[in-house]
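Visitor: Below are the structure tokens for one structure; questions will follow.
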Amino acid sequence: MRRSAWGTAIAALAVIALVGCAPSTASPQASASRTAAPTPSPSPTPTVDPAKAAVARMSLAQRASSVIMGTVPGTDPAALRAFMSSGPEGSSLGGFILMGSNIAADAAQEKAVTDALVIDPALPPLIAIDQEGGYVSRLPWDTLPGGRRLQSADPAQVQQVFAQRAALVAATGANLNFGIVADVPANPKSFIAPRALGTDPASSSARVVAAVEGEKGVVLSTLKHFPGHGATPGDSHVSIPSMPMGLDEWRAGPAAPFAAGIGAGAEVLMFGHLAYTAVDAAPASLSPRWHEIARNDLGFMGLMITDDIGMLTSSGVAAYRDPVVDAVTALAAGNDMVLMIAGSDARTAGRMAQAIVTAVQDGTLPAERLQDAAEHVMAQRMALRPAQ
């Protein structure tokens, strides 16, 4: 029961009266000595970022390998495990992307494939798949609509579809879906148009948010192809599409679905091999400026990954003919992970990791940039760890 204000006042007056009537027998010094010293407040315990702490314990070779996502064909467990341990000094790669030849007959058999990719169960690799649905689909048993069929669907339906798709992906053991196309097609006949979730910034934004919400908590979500393939003519699989759109115009249009998806909590942002020349003449995947825009303007704090580096080689541009060199350049530009598919073999990922080690050792790539990249990868991998 609370003491009333009046009762409190009376009690206080009684204490004062008693003190005033009591004889004083102690010296001022004795009274001071009996005064309780103030109890010091405990110093706050510094918060330790587990991803930073884990990366700090890694060797240079381990850090370099952790930022590579590659692939090899087939479903042979021994070959897959050997590939995942193909980094310098036997270090493990940070990720693997499942392509068509890696897909087994059903989800149960595919789970055996993905299990072979896990070298350390306490720290699973990022196992990715391009499961957009519709035009781009790796899982034959995914008959859900995608892309063009969802462009006329309401966001609630899109969320339901992506929730069901996420469950299909997770059942295979994959944990990262490269499945949300946030591009806004400028031309309905462009190669990206059948894959996009919307036909204008507003409709695309609403469906991108719905897709992220559908995948949330089941698989990691990816927004692609930043800063927006839909505005550029041409196909980045065989060229470096470019256009002169400036930053203000980009913010008013193509940026909207990416900003919306980031706000919804998408964990991964994939950078396209396309150039907005008024912002940077380099492809966005190799552009420090576009990575700054993603981090500083859009506030994206998650994992930034390239589109397939092998596509740069296929562009025919002489400056990009060596994917190993491109990998180092992409990391220096701000990517946290390098994706390599086209033209790679069982040794390519290891060669990329070794090139990163060499670049750090000779000062071409700042050690801090590799550390930052490895920390972003580590944070996502740690989030996938099984509950203790």
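We label chains A, B, ... in the order they appear in the structure tokens, count residues from 1 in each chain, and number ligands from 1 in the order shown.
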Need the shell around Val158 of chain A: protein/DNA/RNA residues with any atom at most 7 Å away, counting only C-alpha atoms. Skip same-chain ones fewer than 4 positions apart. Format as a list in words?
Guide: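 Once the nearby chain positions are removed, what remains is Leu150, Ala153, Asp154, Phe162, Arg207, Ala210 and Ala211 of chain A.
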Visitor: Using only all heavy atoms, please write the residues we just selected to a file, as a compact mmCIF listing (two decimals), in the first residue's frame.
Guide:
```
# COMPACT_ATOMS: atom_id res chain seq x y z
N LEU A 150 2.70 -12.49 -61.75
CA LEU A 150 2.45 -11.80 -60.48
C LEU A 150 2.33 -10.29 -60.66
O LEU A 150 1.97 -9.59 -59.71
CB LEU A 150 3.59 -12.09 -59.50
CG LEU A 150 3.65 -13.52 -58.96
CD1 LEU A 150 4.88 -13.70 -58.07
CD2 LEU A 150 2.38 -13.88 -58.20
N ALA A 153 -1.08 -9.39 -59.80
CA ALA A 153 -1.59 -9.92 -58.54
C ALA A 153 -1.52 -8.85 -57.46
O ALA A 153 -0.67 -7.95 -57.50
CB ALA A 153 -0.77 -11.13 -58.12
N ASP A 154 -2.40 -8.95 -56.48
CA ASP A 154 -2.33 -7.99 -55.38
C ASP A 154 -1.19 -8.42 -54.44
O ASP A 154 -0.78 -9.58 -54.42
CB ASP A 154 -3.66 -7.89 -54.64
CG ASP A 154 -4.07 -9.21 -54.00
OD1 ASP A 154 -3.42 -9.63 -53.03
OD2 ASP A 154 -5.04 -9.82 -54.48
N PHE A 162 5.42 -16.09 -52.35
CA PHE A 162 6.82 -16.11 -51.94
C PHE A 162 7.03 -16.85 -50.62
O PHE A 162 8.10 -17.41 -50.38
CB PHE A 162 7.40 -14.70 -51.91
CG PHE A 162 7.97 -14.28 -53.24
CD1 PHE A 162 7.15 -13.75 -54.22
CD2 PHE A 162 9.32 -14.45 -53.52
CE1 PHE A 162 7.66 -13.38 -55.46
CE2 PHE A 162 9.84 -14.09 -54.76
CZ PHE A 162 9.01 -13.55 -55.74
N ARG A 207 4.98 -4.96 -54.54
CA ARG A 207 5.16 -6.41 -54.68
C ARG A 207 6.53 -6.87 -54.17
O ARG A 207 6.67 -7.99 -53.67
CB ARG A 207 4.93 -6.82 -56.13
CG ARG A 207 3.47 -6.64 -56.54
CD ARG A 207 3.20 -7.04 -58.00
NE ARG A 207 1.80 -6.84 -58.31
CZ ARG A 207 1.25 -5.70 -58.73
NH1 ARG A 207 2.04 -4.64 -58.91
NH2 ARG A 207 -0.03 -5.61 -58.97
N ALA A 210 6.10 -7.21 -50.52
CA ALA A 210 5.32 -8.42 -50.24
C ALA A 210 6.19 -9.68 -50.37
O ALA A 210 6.09 -10.61 -49.56
CB ALA A 210 4.13 -8.51 -51.19
N ALA A 211 7.05 -9.69 -51.37
CA ALA A 211 7.93 -10.85 -51.57
C ALA A 211 8.91 -11.01 -50.42
O ALA A 211 9.15 -12.12 -49.92
CB ALA A 211 8.69 -10.70 -52.90
```
Visitor: Give me every alpha helix (DSSP H) residue in segment 137-372 of chain A, going by DSSP on the backbone, as a ChimeraX atom specification.
Guide: /A:155-171,201-215,247-252,255-264,288-292,310-314,323-333,348-361,367-372
Visitor: Let me make sure I understand: among A:Leu117, A:Ile341, A:Ala78, A:Leu123, which one has the smallest atom-to-atom distance to Val377 of chain A if we use only C-alpha atoms?
Guide: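 The answer is A:Leu123, which sits nearest to Val377 of chain A.
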Visitor: Which residues come within 10 Å of Gly246 of chain A, counting only C-alpha atoms, excluding same-chain residues fewer than 3 positions away, as a list in words?
Guide: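 Surrounding residues, per the criterion: Met243, Glu249, Trp250, Arg251, Tyr276, Thr277, Ala278, Val279 and Asp280 of chain A.
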Visitor: Given only C-alpha atoms as the basis, pick out the residue of A:Ile192, A:Leu370, A:Ala259, A:Val161 nearest to Ala206 of chain A.
Guide: A:Ala259
Visitor: Which of these residues is nearest to Gly334 of chain A, using only C-alpha atoms: A:Thr364, A:Ser287, A:Thr143, A:Ser314?
Guide: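 Residue with the minimum atom-to-atom distance to Gly334 of chain A: A:Ser287.
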Visitor: Write down as a PyMOL selection string the residues belonging to segment 292-382 of chain A that are assigned strand (DSSP E) by DSSP computed on the backbone.
Guide: chain A and resi 303-306+338-339
Visitor: Considering only C-alpha atoms, state which residue in the set A:Ile240, A:Glu267, A:Gln354, A:Pro125 is at the smallest distance from Ile180 of chain A.
Guide: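 Using only C-alpha atoms, Ile180 of chain A sits closest to A:Glu267.
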Visitor: Between A:Leu286, A:Ala128, A:Ala54, A:Val208, which one has atoms that come closest to Met99 of chain A, using only C-alpha atoms?
Guide: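 The closest residue to Met99 of chain A is A:Ala128.
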Visitor: Counting only C-alpha atoms, what is within 8 Å of Ala116 of chain A, bar same-chain residues fewer than 6 positions away, as a list in words?
Guide: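 With the cut-off at 8 Å, the set is Pro77, Ala78, Leu80 and Arg81 of chain A.
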Visitor: Which value, in Å to one decimal, gives the distance between atom CA of Ala107 of chain A and atom CA of Gly133 of chain A?
Guide: 16.0 Å
Visitor: What's the 10 Å shell around Ser85 of chain A, counting only C-alpha atoms, without same-chain residues fewer than 4 positions away, as a PyMOL selection string?
Guide: chain A and resi 65+80-81+89-94+117-119+350
Visitor: Do a neighbour search on Gln151 of chain A at 8 Å with only C-alpha atoms, toss out local chain neighbours closer than 4 positions, and write the hits as a PyMOL selection string.
Guide: chain A and resi 147+196-199+203-204
Visitor: Would you export the selected residues with N, CA and C atoms as a PDB file, in the first residue's frame, please?
Guide:
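The resulting file, again20.pdb, is shown below:
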```pdb
ATOM      1  N   GLY A 147       7.212 -13.614 -61.684  1.00  0.00           N
ATOM      2  CA  GLY A 147       7.368 -12.575 -62.690  1.00  0.00           C
ATOM      3  C   GLY A 147       6.075 -12.065 -63.284  1.00  0.00           C
ATOM      4  N   ALA A 196      10.263  -9.304 -63.888  1.00  0.00           N
ATOM      5  CA  ALA A 196      10.030  -8.242 -62.911  1.00  0.00           C
ATOM      6  C   ALA A 196       8.689  -8.438 -62.201  1.00  0.00           C
ATOM      7  N   LEU A 197       8.592  -7.915 -60.982  1.00  0.00           N
ATOM      8  CA  LEU A 197       7.362  -8.049 -60.204  1.00  0.00           C
ATOM      9  C   LEU A 197       6.383  -6.904 -60.443  1.00  0.00           C
ATOM     10  N   GLY A 198       6.840  -5.850 -61.114  1.00  0.00           N
ATOM     11  CA  GLY A 198       5.965  -4.725 -61.403  1.00  0.00           C
ATOM     12  C   GLY A 198       6.349  -4.065 -62.700  1.00  0.00           C
ATOM     13  N   THR A 199       5.474  -3.209 -63.190  1.00  0.00           N
ATOM     14  CA  THR A 199       5.722  -2.524 -64.458  1.00  0.00           C
ATOM     15  C   THR A 199       5.978  -1.032 -64.267  1.00  0.00           C
ATOM     16  N   SER A 203       3.976  -0.035 -58.336  1.00  0.00           N
ATOM     17  CA  SER A 203       3.495  -1.419 -58.279  1.00  0.00           C
ATOM     18  C   SER A 203       4.632  -2.382 -57.974  1.00  0.00           C
ATOM     19  N   SER A 204       5.794  -2.104 -58.514  1.00  0.00           N
ATOM     20  CA  SER A 204       6.953  -2.944 -58.241  1.00  0.00           C
ATOM     21  C   SER A 204       7.324  -2.877 -56.764  1.00  0.00           C
TER      22      SER A 204
END
```
Visitor: Taking a cut-off of 9 Å and counting only C-alpha atoms, can you build a table that, for each residue of segment 207-324 of chain A near segment 378-386 of chain A, reports the nearest atom pair and how far apart they are in Å (one decimal), sorted by chain then residue number, as a Markdown table?
Guide:
```
| residue | atom | partner | partner_atom | distance |
| --- | --- | --- | --- | --- |
| A:Leu220 | CA | A:Gln380 | CA | 8.5 |
| A:Glu267 | CA | A:Gln380 | CA | 8.0 |
| A:Gly302 | CA | A:Gln380 | CA | 8.2 |
| A:Leu303 | CA | A:Gln380 | CA | 7.6 |
```
Visitor: Selection from above, all heavy atoms, as a PDB file, in the first residue's frame, can you write it?
Guide:
```pdb
ATOM      1  N   LEU A 220      16.969 -16.198 -46.722  1.00  0.00           N
ATOM      2  CA  LEU A 220      17.433 -14.825 -46.883  1.00  0.00           C
ATOM      3  C   LEU A 220      16.936 -14.280 -48.219  1.00  0.00           C
ATOM      4  O   LEU A 220      16.959 -14.984 -49.233  1.00  0.00           O
ATOM      5  CB  LEU A 220      18.957 -14.774 -46.831  1.00  0.00           C
ATOM      6  CG  LEU A 220      19.622 -15.300 -45.563  1.00  0.00           C
ATOM      7  CD1 LEU A 220      21.145 -15.234 -45.696  1.00  0.00           C
ATOM      8  CD2 LEU A 220      19.160 -14.532 -44.342  1.00  0.00           C
ATOM      9  N   GLU A 267      17.880  -8.988 -46.799  1.00  0.00           N
ATOM     10  CA  GLU A 267      19.227  -9.139 -46.248  1.00  0.00           C
ATOM     11  C   GLU A 267      20.342  -8.993 -47.270  1.00  0.00           C
ATOM     12  O   GLU A 267      21.488  -8.739 -46.901  1.00  0.00           O
ATOM     13  CB  GLU A 267      19.364 -10.520 -45.591  1.00  0.00           C
ATOM     14  CG  GLU A 267      18.467 -10.770 -44.406  1.00  0.00           C
ATOM     15  CD  GLU A 267      17.112 -11.361 -44.737  1.00  0.00           C
ATOM     16  OE1 GLU A 267      16.763 -11.433 -45.944  1.00  0.00           O
ATOM     17  OE2 GLU A 267      16.384 -11.748 -43.803  1.00  0.00           O
ATOM     18  N   GLY A 302      23.041  -4.670 -45.046  1.00  0.00           N
ATOM     19  CA  GLY A 302      23.193  -6.108 -45.217  1.00  0.00           C
ATOM     20  C   GLY A 302      24.349  -6.491 -46.115  1.00  0.00           C
ATOM     21  O   GLY A 302      25.347  -5.770 -46.232  1.00  0.00           O
ATOM     22  N   LEU A 303      24.220  -7.626 -46.767  1.00  0.00           N
ATOM     23  CA  LEU A 303      25.274  -8.219 -47.596  1.00  0.00           C
ATOM     24  C   LEU A 303      25.132  -7.768 -49.045  1.00  0.00           C
ATOM     25  O   LEU A 303      24.071  -7.924 -49.651  1.00  0.00           O
ATOM     26  CB  LEU A 303      25.183  -9.744 -47.514  1.00  0.00           C
ATOM     27  CG  LEU A 303      26.086 -10.563 -48.431  1.00  0.00           C
ATOM     28  CD1 LEU A 303      27.547 -10.397 -48.035  1.00  0.00           C
ATOM     29  CD2 LEU A 303      25.701 -12.031 -48.389  1.00  0.00           C
TER      30      LEU A 303
END
```
Visitor: Out of A:Gly173, A:Gly87, A:Pro124, A:Gly95, which residue has the shortest atom-to-atom distance to Ala108 of chain A when counting only C-alpha atoms?
Guide: A:Gly173
